[in-house]
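Here the structure is laid out as structure tokens; the discussion comes afterwards.
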Amino acid sequence: MPGDLPLAGVRVVDLGWITAGAASSTLLLDMGADVVKVEGPGAPDSFRNWDGAEPGTDWWNRSPFFNFTNRGKRALCIDLKDPRGREAVLRLLDGADVLVENFRRGVMASFGLAPAMLRERFPRLVIASISSQGETGPDRDMVSFGSTLEATAGLAALTGAGEAPVITGRDVNYPDQVVCLFAAGAIIAALLERDRTGQGAHLDLSQRELTSFLLGEEIIAAAAGAPSPRRGNRDPAEPGERLERNGEAWRVTFPGGSAPVRDGVALAAAADFLRGTAVLRSPDGTPAKGIPFRFTHRALSVTDVCHPLGADNRAVMAEAGYTEQEIAALEAAGVLATVPRGG
């Protein structure tokens, strides 16, 4: 099936971490792209230890958060702070179509991989930089997580009721979950333009701006001098809509009917949810983060599990032109690894 999908033949180098960048490249993978996940032995993706280490195990391969977001990607663990690691990634980019990264602004340059240099060296490459506040704005150096973005984008101020804004929390991080949809669309558009012009692009994707965009008419109203207050579950314009207790549960009522307020447990058991694609099954039968869209004439599915850290080092490096002897030397020097430094 992958050869039948729209992005078959597209090669992606994924330097994304946690959710924003990593989930963007997963959507490209779901549409057929070949994705290489790049991590460093001294700085693996933080999602690998999101729930805390389990002593005595290969904890770095056991995080559900990491595995859900990185299923199916080929795993390269290489030290980008070492000149030999940097050179290897440059050789990898020579055959790539897309680079995805969501490091703090300036980190790519510290690796010797500044986007401006990469654009000059690889003019057909599409680079997607997914940052907190964008590459050029006044807050461009701000480091943030989903909660920070909900605050700075205006979302938290409209959530809840009364005086206190509400953020969705550490395990939801709404802006991180939705930015991948914007980023994947922008990347595909840039690839289409490249096919016409021969030129790639550097996409500057500000998560704060994208989150503000989701507020839609509320931002327009505020800009026009008529901001909306926090209304919680009641809207004076729609008095027939309200949230009510139904025994131990809750229901939302509206003119002509009502619907249950479902939590994660209820959703996972619901027939309509089971027929959907938000959660799918990995080849090993375990639940997997799904695919938020469908194609009419071809079913999309999760076709591979998450690869262990560095599992594809040798194959990826060989494709980049390295000999067996060169690969063995990089392994001996610790530039290539299959466990985090310090274990």
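Letters A, B, ... go to the chains of the structure tokens in the order shown; residues in each chain start at 1; ligands are counted from 1 in the same order.
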field: Long-range neighbours of Arg11 (chain A) as a PyMOL selection string, 8 Å cut-off, only C-alpha atoms, 3 positions minimum in chain
entry: chain A and resi 33-36+95-98
Output file for the residues above (C-alpha atoms, as a PDB file, in the first residue's frame):
ATOM      1  CA  ALA A  33       6.573   9.375   2.800  1.00  0.00           C
ATOM      2  CA  ASP A  34       9.722   7.620   4.007  1.00  0.00           C
ATOM      3  CA  VAL A  35      10.612   9.298   7.322  1.00  0.00           C
ATOM      4  CA  VAL A  36      13.957   9.037   9.137  1.00  0.00           C
ATOM      5  CA  GLY A  95      18.783  12.768  -0.992  1.00  0.00           C
ATOM      6  CA  ALA A  96      15.891  14.221   1.032  1.00  0.00           C
ATOM      7  CA  ASP A  97      12.876  16.258   0.014  1.00  0.00           C
ATOM      8  CA  VAL A  98      11.794  17.597   3.414  1.00  0.00           C
TER       9      VAL A  98
END
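Residues in contact range of region 83-91 of chain A, defined as at most 9 Å between only C-alpha atoms, with sequence neighbours fewer than 3 positions away removed, read Val13, Val38, Ile78, Asp79, Leu80, Asp94, Gly95, Phe111, Gly112, Leu113, Leu118, Met317, Ala320, Gly321, Tyr322, Leu330, Val335 and Leu336 of chain A.
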May I have the selected residues written with C-alpha atoms, as an mmCIF file, in the first residue's frame?
data_model
loop_
_atom_site.group_PDB
_atom_site.id
_atom_site.type_symbol
_atom_site.label_atom_id
_atom_site.label_comp_id
_atom_site.auth_asym_id
_atom_site.auth_seq_id
_atom_site.Cartn_x
_atom_site.Cartn_y
_atom_site.Cartn_z
ATOM 1 C CA VAL A 13 14.423 13.854 7.651
ATOM 2 C CA VAL A 38 17.040 11.621 13.888
ATOM 3 C CA ILE A 78 23.639 10.142 15.726
ATOM 4 C CA ASP A 79 25.525 12.881 17.577
ATOM 5 C CA LEU A 80 24.861 16.167 15.761
ATOM 6 C CA ASP A 94 21.385 15.399 -0.098
ATOM 7 C CA GLY A 95 18.783 12.768 -0.992
ATOM 8 C CA PHE A 111 24.648 22.242 14.964
ATOM 9 C CA GLY A 112 26.030 23.883 11.821
ATOM 10 C CA LEU A 113 22.695 23.300 10.096
ATOM 11 C CA LEU A 118 20.788 24.427 3.983
ATOM 12 C CA MET A 317 23.963 5.361 6.828
ATOM 13 C CA ALA A 320 23.783 7.900 2.595
ATOM 14 C CA GLY A 321 26.881 6.314 1.027
ATOM 15 C CA TYR A 322 28.820 5.097 4.071
ATOM 16 C CA LEU A 330 31.341 5.846 13.893
ATOM 17 C CA VAL A 335 28.812 9.026 17.095
ATOM 18 C CA LEU A 336 26.234 6.344 16.262
#
* Mind checking which residues fall within 8 Å of region 101-110 of chain A, counting only C-alpha atoms, ignoring those fewer than 4 positions away in the same chain, and posting them as a PyMOL selection string? => chain A and resi 14-17+20-21+114-115+127-132+135+140-143
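Residues in contact range of Cys77 (chain A), defined as at most 8 Å between only C-alpha atoms, with sequence neighbours fewer than 4 positions away removed, read A:Val38, A:Glu39, A:Gly40, A:Pro41, A:Leu309, A:Gly310, A:Asn313, A:Leu336, A:Ala337, A:Thr338.
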message: Going by DSSP on the backbone, which residues of region 51-160 of chain A come out as helix (DSSP H, G or I)? List them as a ChimeraX atom specification.
response: /A:59-61,64-69,83-93,107-110,115-121,146-153,156-158
Deliver the residues from the most recent selection as a file, using C-alpha atoms, as a JSON list (two decimals), in the first residue's frame.
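Output file out.json is given in full below:
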[["chain", "number", "residue", "atom", "x", "y", "z"],
["A", 59, "TRP", "CA", 13.08, 2.63, 29.20],
["A", 60, "TRP", "CA", 13.92, 4.78, 26.18],
["A", 61, "ASN", "CA", 11.99, 2.37, 23.95],
["A", 64, "PRO", "CA", 3.69, 5.25, 24.93],
["A", 65, "PHE", "CA", 3.83, 8.99, 24.20],
["A", 66, "PHE", "CA", 6.93, 8.57, 22.06],
["A", 67, "ASN", "CA", 5.77, 5.38, 20.40],
["A", 68, "PHE", "CA", 2.37, 6.78, 19.43],
["A", 69, "THR", "CA", 3.93, 9.83, 17.79],
["A", 83, "PRO", "CA", 31.38, 17.14, 13.12],
["A", 84, "ARG", "CA", 31.12, 13.58, 11.82],
["A", 85, "GLY", "CA", 27.48, 13.43, 12.83],
["A", 86, "ARG", "CA", 26.77, 16.78, 11.19],
["A", 87, "GLU", "CA", 28.44, 15.58, 7.98],
["A", 88, "ALA", "CA", 26.35, 12.41, 8.00],
["A", 89, "VAL", "CA", 23.10, 14.41, 8.28],
["A", 90, "LEU", "CA", 24.20, 16.65, 5.42],
["A", 91, "ARG", "CA", 24.78, 13.57, 3.29],
["A", 92, "LEU", "CA", 21.36, 12.31, 4.31],
["A", 93, "LEU", "CA", 19.78, 15.64, 3.33],
["A", 107, "VAL", "CA", 19.68, 25.37, 17.87],
["A", 108, "MET", "CA", 19.91, 24.33, 14.21],
["A", 109, "ALA", "CA", 22.60, 26.95, 13.63],
["A", 110, "SER", "CA", 24.51, 25.65, 16.68],
["A", 115, "PRO", "CA", 18.32, 26.90, 7.47],
["A", 116, "ALA", "CA", 19.85, 29.65, 5.30],
["A", 117, "MET", "CA", 22.91, 27.49, 4.68],
["A", 118, "LEU", "CA", 20.79, 24.43, 3.98],
["A", 119, "ARG", "CA", 18.66, 26.36, 1.50],
["A", 120, "GLU", "CA", 21.78, 27.41, -0.39],
["A", 121, "ARG", "CA", 23.32, 23.94, -0.35],
["A", 146, "GLY", "CA", 1.43, 23.85, 24.78],
["A", 147, "SER", "CA", 0.31, 25.63, 27.95],
["A", 148, "THR", "CA", 2.48, 28.66, 27.12],
["A", 149, "LEU", "CA", 1.06, 28.76, 23.62],
["A", 150, "GLU", "CA", -2.52, 28.61, 24.85],
["A", 151, "ALA", "CA", -1.73, 31.58, 27.07],
["A", 152, "THR", "CA", 0.12, 33.72, 24.50],
["A", 153, "ALA", "CA", -2.26, 32.90, 21.63],
["A", 156, "ALA", "CA", -6.74, 30.18, 27.53],
["A", 157, "ALA", "CA", -8.42, 33.55, 28.02],
["A", 158, "LEU", "CA", -11.58, 32.28, 26.30]]
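Nearest to Arg281 (chain A) of all the residues A:Leu28, A:Val305, A:Ile219, A:Ala164 is A:Val305, counting only C-alpha atoms.
All residues within region 26-122 of chain A that the backbone DSSP calculation assigns to strand (DSSP E or B) are Asp34, Val35, Val36, Lys37, Val38, Glu39, Gly40, Ala43, Arg74, Ala75, Leu76, Cys77, Ile78, Val98, Leu99, Val100 and Glu101 of chain A.
Note that the spacing between CA of Ile187 (chain A) and CA of Gln199 (chain A) amounts to 13.0 Å.
Residues lying within 10 Å of Asp284 (chain A), counting only C-alpha atoms and ignoring same-chain neighbours fewer than 2 positions away, are Arg281, Ser282, Thr286, Pro287, Thr303, Asp304 and Val305 of chain A.
For the choices A:Ile188, A:Ser212, A:Gln207, A:Arg194, the atom-to-atom distance to Gln133 (chain A) is smallest for A:Gln207 when using only C-alpha atoms.
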